[in-house]
file coords.cif (mmCIF, C-alpha atoms, pLDDT in the B column; chains and numbers go by the auth columns)
data_structure
loop_
_atom_site.group_PDB
_atom_site.id
_atom_site.type_symbol
_atom_site.label_atom_id
_atom_site.label_comp_id
_atom_site.label_asym_id
_atom_site.label_seq_id
_atom_site.Cartn_x
_atom_site.Cartn_y
_atom_site.Cartn_z
_atom_site.B_iso_or_equiv
_atom_site.auth_seq_id
_atom_site.auth_asym_id
ATOM 1 C CA MET A 1 -22.564 39.005 14.913 38.00 1 T
ATOM 2 C CA SER A 2 -26.016 37.723 14.028 39.00 2 T
ATOM 3 C CA PHE A 3 -26.890 36.737 10.457 43.00 3 T
ATOM 4 C CA GLY A 4 -30.661 36.642 10.999 46.00 4 T
ATOM 5 C CA PRO A 5 -31.501 40.109 9.665 41.00 5 T
ATOM 6 C CA ALA A 6 -29.300 39.594 6.599 41.00 6 T
ATOM 7 C CA PHE A 7 -31.399 36.634 5.524 39.00 7 T
ATOM 8 C CA ILE A 8 -34.708 38.235 6.468 40.00 8 T
ATOM 9 C CA ILE A 9 -34.081 41.337 4.390 42.00 9 T
ATOM 10 C CA ARG A 10 -33.151 39.358 1.244 48.00 10 T
ATOM 11 C CA PHE A 11 -36.653 39.591 -0.141 45.00 11 T
ATOM 12 C CA LYS A 12 -36.962 43.244 0.831 48.00 12 T
ATOM 13 C CA ALA A 13 -33.717 44.058 -0.978 46.00 13 T
ATOM 14 C CA ILE A 14 -34.974 42.344 -4.111 49.00 14 T
ATOM 15 C CA MET A 15 -38.234 44.292 -3.963 48.00 15 T
ATOM 16 C CA VAL A 16 -36.441 47.615 -3.464 43.00 16 T
ATOM 17 C CA THR A 17 -34.187 46.804 -6.418 48.00 17 T
ATOM 18 C CA LEU A 18 -37.241 46.062 -8.527 48.00 18 T
ATOM 19 C CA VAL A 19 -38.983 49.271 -7.521 48.00 19 T
ATOM 20 C CA ILE A 20 -35.872 51.315 -8.287 43.00 20 T
ATOM 21 C CA SER A 21 -35.288 49.592 -11.619 49.00 21 T
ATOM 22 C CA CYS A 22 -38.944 50.072 -12.555 47.00 22 T
ATOM 23 C CA SER A 23 -38.864 53.762 -11.663 42.00 23 T
ATOM 24 C CA VAL A 24 -35.596 54.329 -13.507 42.00 24 T
ATOM 25 C CA SER A 25 -36.845 52.614 -16.650 48.00 25 T
ATOM 26 C CA ALA A 26 -40.581 53.322 -16.511 49.00 26 T
ATOM 27 C CA GLY A 27 -40.884 52.515 -20.197 52.00 27 T
ATOM 28 C CA ASN A 28 -40.324 48.856 -19.357 57.00 28 T
ATOM 29 C CA ILE A 29 -43.419 48.560 -17.151 55.00 29 T
ATOM 30 C CA VAL A 30 -46.087 46.374 -18.709 61.00 30 T
ATOM 31 C CA THR A 31 -49.372 48.225 -19.149 70.00 31 T
ATOM 32 C CA ASP A 32 -51.534 45.382 -20.512 87.00 32 T
ATOM 33 C CA LYS A 33 -52.918 43.119 -17.782 89.00 33 T
ATOM 34 C CA ALA A 34 -53.327 40.100 -20.072 90.00 34 T
ATOM 35 C CA LEU A 35 -49.746 40.462 -21.280 93.00 35 T
ATOM 36 C CA ALA A 36 -48.555 40.833 -17.694 92.00 36 T
ATOM 37 C CA LEU A 37 -50.424 37.671 -16.684 94.00 37 T
ATOM 38 C CA GLU A 38 -48.876 35.689 -19.551 95.00 38 T
ATOM 39 C CA SER A 39 -45.451 37.049 -18.644 95.00 39 T
ATOM 40 C CA ALA A 40 -45.943 35.979 -15.015 95.00 40 T
ATOM 41 C CA LYS A 41 -47.064 32.497 -16.073 96.00 41 T
ATOM 42 C CA LEU A 42 -44.042 32.081 -18.341 97.00 42 T
ATOM 43 C CA ALA A 43 -41.675 33.355 -15.628 97.00 43 T
ATOM 44 C CA TYR A 44 -43.273 30.893 -13.175 96.00 44 T
ATOM 45 C CA VAL A 45 -42.715 27.967 -15.556 97.00 45 T
ATOM 46 C CA LYS A 46 -39.094 29.012 -16.105 97.00 46 T
ATOM 47 C CA LEU A 47 -38.555 29.384 -12.356 96.00 47 T
ATOM 48 C CA ASN A 48 -39.987 25.939 -11.624 95.00 48 T
ATOM 49 C CA HIS A 49 -37.859 24.399 -14.369 97.00 49 T
ATOM 50 C CA ARG A 50 -34.752 26.000 -12.906 96.00 50 T
ATOM 51 C CA VAL A 51 -35.688 24.891 -9.376 94.00 51 T
ATOM 52 C CA ASP A 52 -35.962 21.309 -10.681 95.00 52 T
ATOM 53 C CA ILE A 53 -32.454 21.611 -12.124 95.00 53 T
ATOM 54 C CA CYS A 54 -31.188 23.008 -8.807 94.00 54 T
ATOM 55 C CA LEU A 55 -32.828 20.188 -6.855 93.00 55 T
ATOM 56 C CA GLY A 56 -31.079 17.691 -9.120 93.00 56 T
ATOM 57 C CA LYS A 57 -27.748 19.208 -8.109 92.00 57 T
ATOM 58 C CA LYS A 58 -28.469 18.402 -4.458 92.00 58 T
ATOM 59 C CA GLU A 59 -27.349 14.838 -5.125 93.00 59 T
ATOM 60 C CA ARG A 60 -23.769 16.094 -5.367 95.00 60 T
ATOM 61 C CA GLU A 61 -21.762 14.846 -2.396 96.00 61 T
ATOM 62 C CA ILE A 62 -19.214 17.030 -0.652 95.00 62 T
ATOM 63 C CA ASP A 63 -16.454 16.661 1.904 95.00 63 T
ATOM 64 C CA ILE A 64 -15.523 19.338 4.398 96.00 64 T
ATOM 65 C CA THR A 65 -11.877 20.085 3.679 95.00 65 T
ATOM 66 C CA ASP A 66 -11.622 23.787 4.472 97.00 66 T
ATOM 67 C CA LEU A 67 -9.320 24.284 7.467 97.00 67 T
ATOM 68 C CA TRP A 68 -11.292 27.197 8.917 97.00 68 T
ATOM 69 C CA LEU A 69 -14.539 25.246 8.736 97.00 69 T
ATOM 70 C CA LEU A 70 -12.943 22.114 10.198 97.00 70 T
ATOM 71 C CA LYS A 71 -11.740 24.147 13.214 97.00 71 T
ATOM 72 C CA GLN A 72 -15.323 25.092 14.113 96.00 72 T
ATOM 73 C CA PRO A 73 -17.269 23.003 16.655 95.00 73 T
ATOM 74 C CA ILE A 74 -19.436 20.383 14.927 96.00 74 T
ATOM 75 C CA GLU A 75 -22.717 22.168 15.706 95.00 75 T
ATOM 76 C CA LYS A 76 -21.371 25.405 14.190 96.00 76 T
ATOM 77 C CA GLN A 77 -20.087 23.434 11.197 96.00 77 T
ATOM 78 C CA LYS A 78 -23.588 22.094 10.622 96.00 78 T
ATOM 79 C CA ALA A 79 -25.116 25.574 10.860 96.00 79 T
ATOM 80 C CA ILE A 80 -22.485 27.043 8.535 97.00 80 T
ATOM 81 C CA VAL A 81 -22.892 24.278 5.956 97.00 81 T
ATOM 82 C CA PHE A 82 -26.680 24.693 6.165 95.00 82 T
ATOM 83 C CA VAL A 83 -26.303 28.412 5.419 96.00 83 T
ATOM 84 C CA LEU A 84 -23.901 27.651 2.574 97.00 84 T
ATOM 85 C CA LEU A 85 -26.477 25.261 1.104 96.00 85 T
ATOM 86 C CA LYS A 86 -29.151 27.943 1.417 94.00 86 T
ATOM 87 C CA TYR A 87 -26.880 30.462 -0.349 94.00 87 T
ATOM 88 C CA ALA A 88 -26.160 27.950 -3.130 96.00 88 T
ATOM 89 C CA GLU A 89 -29.845 27.125 -3.596 94.00 89 T
ATOM 90 C CA ASP A 90 -30.797 30.806 -3.697 92.00 90 T
ATOM 91 C CA LYS A 91 -28.016 31.605 -6.152 95.00 91 T
ATOM 92 C CA CYS A 92 -28.870 28.645 -8.391 96.00 92 T
ATOM 93 C CA ALA A 93 -32.309 30.035 -9.343 94.00 93 T
ATOM 94 C CA GLN A 94 -31.669 33.716 -8.621 96.00 94 T
ATOM 95 C CA ASN A 95 -32.045 35.030 -12.184 97.00 95 T
ATOM 96 C CA GLU A 96 -35.290 33.141 -12.757 97.00 96 T
ATOM 97 C CA GLU A 97 -36.627 34.166 -9.355 96.00 97 T
ATOM 98 C CA ASN A 98 -35.829 37.825 -10.062 97.00 98 T
ATOM 99 C CA ALA A 99 -37.616 37.582 -13.435 97.00 99 T
ATOM 100 C CA TYR A 100 -40.636 36.026 -11.711 97.00 100 T
ATOM 101 C CA ILE A 101 -40.697 38.697 -9.016 96.00 101 T
ATOM 102 C CA LYS A 102 -40.554 41.431 -11.659 96.00 102 T
ATOM 103 C CA ALA A 103 -43.393 39.774 -13.594 96.00 103 T
ATOM 104 C CA ILE A 104 -45.662 39.454 -10.560 96.00 104 T
ATOM 105 C CA PHE A 105 -44.729 42.960 -9.444 96.00 105 T
ATOM 106 C CA ASP A 106 -45.809 44.280 -12.867 94.00 106 T
ATOM 107 C CA LEU A 107 -49.034 42.316 -12.483 94.00 107 T
ATOM 108 C CA ALA A 108 -49.603 43.775 -9.006 95.00 108 T
ATOM 109 C CA VAL A 109 -49.056 47.311 -10.324 94.00 109 T
ATOM 110 C CA LEU A 110 -51.908 46.606 -12.748 94.00 110 T
ATOM 111 C CA GLY A 111 -54.197 45.579 -9.890 93.00 111 T
ATOM 112 C CA ASP A 112 -53.714 41.812 -9.592 94.00 112 T
ATOM 113 C CA ARG A 113 -51.765 41.284 -6.350 94.00 113 T
ATOM 114 C CA LYS A 114 -52.639 37.621 -5.808 95.00 114 T
ATOM 115 C CA ALA A 115 -49.368 36.112 -7.086 94.00 115 T
ATOM 116 C CA LEU A 116 -47.244 38.728 -5.307 95.00 116 T
ATOM 117 C CA ASP A 117 -49.097 38.212 -2.021 94.00 117 T
ATOM 118 C CA GLU A 118 -48.668 34.435 -2.321 94.00 118 T
ATOM 119 C CA TYR A 119 -44.966 34.864 -3.051 93.00 119 T
ATOM 120 C CA ILE A 120 -44.529 37.088 -0.003 92.00 120 T
ATOM 121 C CA GLU A 121 -46.383 34.561 2.151 91.00 121 T
ATOM 122 C CA LEU A 122 -44.231 31.664 0.931 89.00 122 T
ATOM 123 C CA SER A 123 -41.020 33.670 1.323 85.00 123 T
ATOM 124 C CA GLN A 124 -41.563 33.813 5.068 81.00 124 T
ATOM 125 C CA TYR A 125 -40.789 30.101 5.320 80.00 125 T
ATOM 126 C CA GLY A 126 -37.211 30.548 4.097 72.00 126 T
ATOM 127 C CA ASN A 127 -35.996 32.388 7.194 78.00 127 T
ATOM 128 C CA LEU A 128 -33.447 30.790 9.489 81.00 128 T
ATOM 129 C CA ASP A 129 -34.756 29.670 12.834 86.00 129 T
ATOM 130 C CA ASP A 130 -33.406 31.073 16.091 86.00 130 T
ATOM 131 C CA ASN A 131 -31.244 28.007 16.840 90.00 131 T
ATOM 132 C CA ILE A 132 -29.255 28.418 13.632 91.00 132 T
ATOM 133 C CA ARG A 133 -28.953 32.170 14.118 90.00 133 T
ATOM 134 C CA ASP A 134 -27.664 31.583 17.646 91.00 134 T
ATOM 135 C CA LEU A 135 -25.094 29.076 16.380 92.00 135 T
ATOM 136 C CA LEU A 136 -23.922 31.576 13.768 94.00 136 T
ATOM 137 C CA ASP A 137 -23.501 34.323 16.337 92.00 137 T
ATOM 138 C CA GLY A 138 -19.826 35.237 16.372 91.00 138 T
ATOM 139 C CA VAL A 139 -19.055 33.344 13.153 94.00 139 T
ATOM 140 C CA SER A 140 -17.150 35.355 10.567 94.00 140 T
ATOM 141 C CA LYS A 141 -19.505 36.429 7.796 94.00 141 T
ATOM 142 C CA LYS A 142 -16.431 37.060 5.646 97.00 142 T
ATOM 143 C CA GLU A 143 -15.425 33.390 5.971 97.00 143 T
ATOM 144 C CA ILE A 144 -18.935 32.225 5.056 96.00 144 T
ATOM 145 C CA GLU A 145 -18.918 34.501 2.020 97.00 145 T
ATOM 146 C CA ARG A 146 -15.478 33.178 1.050 97.00 146 T
ATOM 147 C CA LEU A 147 -16.707 29.599 1.257 98.00 147 T
ATOM 148 C CA SER A 148 -19.912 30.397 -0.634 97.00 148 T
ATOM 149 C CA VAL A 149 -17.978 31.120 -3.828 97.00 149 T
ATOM 150 C CA THR A 150 -15.769 28.025 -3.731 96.00 150 T
ATOM 151 C CA ASP A 151 -16.426 25.100 -6.078 94.00 151 T
ATOM 152 C CA GLU A 152 -17.459 22.951 -3.146 95.00 152 T
ATOM 153 C CA TYR A 153 -20.222 25.227 -1.852 97.00 153 T
ATOM 154 C CA SER A 154 -21.277 27.488 -4.743 96.00 154 T
ATOM 155 C CA THR A 155 -23.839 25.065 -6.186 95.00 155 T
ATOM 156 C CA PRO A 156 -26.422 22.983 -4.319 96.00 156 T
ATOM 157 C CA PHE A 157 -25.107 19.844 -2.640 96.00 157 T
ATOM 158 C CA ASN A 158 -26.125 16.938 -0.440 96.00 158 T
ATOM 159 C CA ILE A 159 -25.734 18.357 3.066 95.00 159 T
ATOM 160 C CA ILE A 160 -25.865 14.926 4.715 95.00 160 T
ATOM 161 C CA SER A 161 -22.797 13.794 2.762 95.00 161 T
ATOM 162 C CA ALA A 162 -20.746 16.486 4.487 94.00 162 T
ATOM 163 C CA PHE A 163 -21.162 14.795 7.863 94.00 163 T
ATOM 164 C CA ASN A 164 -20.894 11.101 6.977 87.00 164 T
#
call {"tool": "encode", "arguments": {"input": "coords.cif", "output": "structure tokens"}}
result
Amino acid sequence: MSFGPAFIIRFKAIMVTLVISCSVSAGNIVTDKALALESAKLAYVKLNHRVDICLGKKEREIDITDLWLLKQPIEKQKAIVFVLLKYAEDKCAQNEENAYIKAIFDLAVLGDRKALDEYIELSQYGNLDDNIRDLLDGVSKKEIERLSVTDEYSTPFNIISAFN
């Protein structure tokens, strides 16, 4: 089983959710461009503040104690822990990122696509490379999801500490 497409479509799923939520509640769409720009700026500041908080959590050291994870070959362990870190980082700022995406989407609807286009461009750098996807091939997605909600892996952590 390959996890590549699941990570690639993350952004697309968020955008579809936004489009659906905007069409369902059309009364919530901002119609004033200046107001939309201020909303986007505020959402950007909040997102960056939250990302700073999340980065601070990356100092937290962890130990690999899960039996399933310990049974995996070391290279697969590294790939799995990397994915778990990515999940934790994404989850840490998810609400603020969603608010920012909605704000720049509203701005784009009003004709100013610059922030949305930049966000889409930057989002392309978060995809897993082929080596990690290959290592994850055959790994149980259910086990990764189980680990992603444990205390150890649900918030950002120092990935290097896991392998010392």
call {"tool": "resolve_selection", "arguments": {"input": "coords.cif", "expression": "the PyMOL selection byres ((chain T and resi 150-156) around 7)", "output": "list in words"}}
result
Cys54, Lys57, Lys58, Ile62, Leu84, Leu85, Ala88, Glu89, Cys92, Leu147, Ser148, Val149 and Phe157 of chain T
call {"tool": "write_last_selection", "arguments": {"input": "coords.cif", "atoms": "C-alpha atoms", "output": "PDB file, in the frame of the given file"}}
result
ATOM      1  CA  CYS T  54     -31.188  23.008  -8.807  1.00 94.00           C
ATOM      2  CA  LYS T  57     -27.748  19.208  -8.109  1.00 92.00           C
ATOM      3  CA  LYS T  58     -28.469  18.402  -4.458  1.00 92.00           C
ATOM      4  CA  ILE T  62     -19.214  17.030  -0.652  1.00 95.00           C
ATOM      5  CA  LEU T  84     -23.901  27.651   2.574  1.00 97.00           C
ATOM      6  CA  LEU T  85     -26.477  25.261   1.104  1.00 96.00           C
ATOM      7  CA  ALA T  88     -26.160  27.950  -3.130  1.00 96.00           C
ATOM      8  CA  GLU T  89     -29.845  27.125  -3.596  1.00 94.00           C
ATOM      9  CA  CYS T  92     -28.870  28.645  -8.391  1.00 96.00           C
ATOM     10  CA  LEU T 147     -16.707  29.599   1.257  1.00 98.00           C
ATOM     11  CA  SER T 148     -19.912  30.397  -0.634  1.00 97.00           C
ATOM     12  CA  VAL T 149     -17.978  31.120  -3.828  1.00 97.00           C
ATOM     13  CA  PHE T 157     -25.107  19.844  -2.640  1.00 96.00           C
TER      14      PHE T 157
END
call {"tool": "resolve_selection", "arguments": {"input": "coords.cif", "expression": "the PyMOL selection byres ((chain T and resi 133-135) around 9)", "output": "list in words"}}
result
Ser2, Phe3, Gly4, Glu75, Lys76, Ala79, Ile80, Leu128, Asp129, Asp130, Asn131, Ile132, Leu136, Asp137, Gly138 and Val139 of chain T
call {"tool": "write_last_selection", "arguments": {"input": "coords.cif", "atoms": "C-alpha atoms", "output": "PDB file, in the frame of the given file"}}
result
ATOM      1  CA  SER T   2     -26.016  37.723  14.028  1.00 39.00           C
ATOM      2  CA  PHE T   3     -26.890  36.737  10.457  1.00 43.00           C
ATOM      3  CA  GLY T   4     -30.661  36.642  10.999  1.00 46.00           C
ATOM      4  CA  GLU T  75     -22.717  22.168  15.706  1.00 95.00           C
ATOM      5  CA  LYS T  76     -21.371  25.405  14.190  1.00 96.00           C
ATOM      6  CA  ALA T  79     -25.116  25.574  10.860  1.00 96.00           C
ATOM      7  CA  ILE T  80     -22.485  27.043   8.535  1.00 97.00           C
ATOM      8  CA  LEU T 128     -33.447  30.790   9.489  1.00 81.00           C
ATOM      9  CA  ASP T 129     -34.756  29.670  12.834  1.00 86.00           C
ATOM     10  CA  ASP T 130     -33.406  31.073  16.091  1.00 86.00           C
ATOM     11  CA  ASN T 131     -31.244  28.007  16.840  1.00 90.00           C
ATOM     12  CA  ILE T 132     -29.255  28.418  13.632  1.00 91.00           C
ATOM     13  CA  LEU T 136     -23.922  31.576  13.768  1.00 94.00           C
ATOM     14  CA  ASP T 137     -23.501  34.323  16.337  1.00 92.00           C
ATOM     15  CA  GLY T 138     -19.826  35.237  16.372  1.00 91.00           C
ATOM     16  CA  VAL T 139     -19.055  33.344  13.153  1.00 94.00           C
TER      17      VAL T 139
END
call {"tool": "closest_residue", "arguments": {"input": "coords.cif", "among": "T:Ala43, T:Leu35, T:Leu70, T:Ile159", "to": "Ala115 in chain T", "atoms": "all atoms listed in the file"}}
result
T:Ala43
call {"tool": "resolve_selection", "arguments": {"input": "coords.cif", "expression": "the PyMOL selection byres ((chain T and resi 98-100) around 8)", "output": "NGL selection string"}}
result
:T and (14 or 40 or 43-44 or 47 or 94-97 or 101-104)
call {"tool": "closest_residue", "arguments": {"input": "coords.cif", "among": "T:Ile53, T:Ile74, T:Val83, T:Lys33", "to": "Lys141 in chain T", "atoms": "all atoms listed in the file"}}
result
T:Val83
call {"tool": "atom_distance", "arguments": {"input": "coords.cif", "atom1": "CA of Asp106 in chain T", "atom2": "CA of Asp90 in chain T"}}
result
22.2 Å
call {"tool": "build_atoms", "arguments": {"input": "coords.cif", "residues": "range 66-78 of chain T", "atoms": "N, CA and C atoms", "output": "PDB file, keeping the file's coordinate frame"}}
result
ATOM      1  N   ASP T  66     -12.115  22.453   4.154  1.00 97.00           N
ATOM      2  CA  ASP T  66     -11.622  23.787   4.472  1.00 97.00           C
ATOM      3  C   ASP T  66     -11.142  23.826   5.924  1.00 97.00           C
ATOM      4  N   LEU T  67      -9.920  24.280   6.123  1.00 97.00           N
ATOM      5  CA  LEU T  67      -9.320  24.284   7.467  1.00 97.00           C
ATOM      6  C   LEU T  67     -10.102  25.147   8.450  1.00 97.00           C
ATOM      7  N   TRP T  68     -10.531  26.331   8.019  1.00 97.00           N
ATOM      8  CA  TRP T  68     -11.292  27.197   8.917  1.00 97.00           C
ATOM      9  C   TRP T  68     -12.574  26.506   9.362  1.00 97.00           C
ATOM     10  N   LEU T  69     -13.275  25.914   8.415  1.00 97.00           N
ATOM     11  CA  LEU T  69     -14.539  25.246   8.736  1.00 97.00           C
ATOM     12  C   LEU T  69     -14.306  24.036   9.640  1.00 97.00           C
ATOM     13  N   LEU T  70     -13.252  23.284   9.373  1.00 97.00           N
ATOM     14  CA  LEU T  70     -12.943  22.114  10.198  1.00 97.00           C
ATOM     15  C   LEU T  70     -12.604  22.493  11.642  1.00 97.00           C
ATOM     16  N   LYS T  71     -12.095  23.697  11.864  1.00 97.00           N
ATOM     17  CA  LYS T  71     -11.740  24.147  13.214  1.00 97.00           C
ATOM     18  C   LYS T  71     -12.966  24.532  14.044  1.00 97.00           C
ATOM     19  N   GLN T  72     -14.106  24.702  13.402  1.00 96.00           N
ATOM     20  CA  GLN T  72     -15.323  25.092  14.113  1.00 96.00           C
ATOM     21  C   GLN T  72     -15.904  23.879  14.850  1.00 96.00           C
ATOM     22  N   PRO T  73     -16.571  24.111  15.981  1.00 95.00           N
ATOM     23  CA  PRO T  73     -17.269  23.003  16.655  1.00 95.00           C
ATOM     24  C   PRO T  73     -18.303  22.388  15.697  1.00 95.00           C
ATOM     25  N   ILE T  74     -18.579  21.104  15.864  1.00 96.00           N
ATOM     26  CA  ILE T  74     -19.436  20.383  14.927  1.00 96.00           C
ATOM     27  C   ILE T  74     -20.812  21.028  14.755  1.00 96.00           C
ATOM     28  N   GLU T  75     -21.400  21.534  15.821  1.00 95.00           N
ATOM     29  CA  GLU T  75     -22.717  22.168  15.706  1.00 95.00           C
ATOM     30  C   GLU T  75     -22.645  23.445  14.859  1.00 95.00           C
ATOM     31  N   LYS T  76     -21.563  24.204  15.026  1.00 96.00           N
ATOM     32  CA  LYS T  76     -21.371  25.405  14.190  1.00 96.00           C
ATOM     33  C   LYS T  76     -21.100  25.001  12.747  1.00 96.00           C
ATOM     34  N   GLN T  77     -20.328  23.927  12.559  1.00 96.00           N
ATOM     35  CA  GLN T  77     -20.087  23.434  11.197  1.00 96.00           C
ATOM     36  C   GLN T  77     -21.419  23.132  10.507  1.00 96.00           C
ATOM     37  N   LYS T  78     -22.289  22.456  11.202  1.00 96.00           N
ATOM     38  CA  LYS T  78     -23.588  22.094  10.622  1.00 96.00           C
ATOM     39  C   LYS T  78     -24.385  23.347  10.257  1.00 96.00           C
TER      40      LYS T  78
END
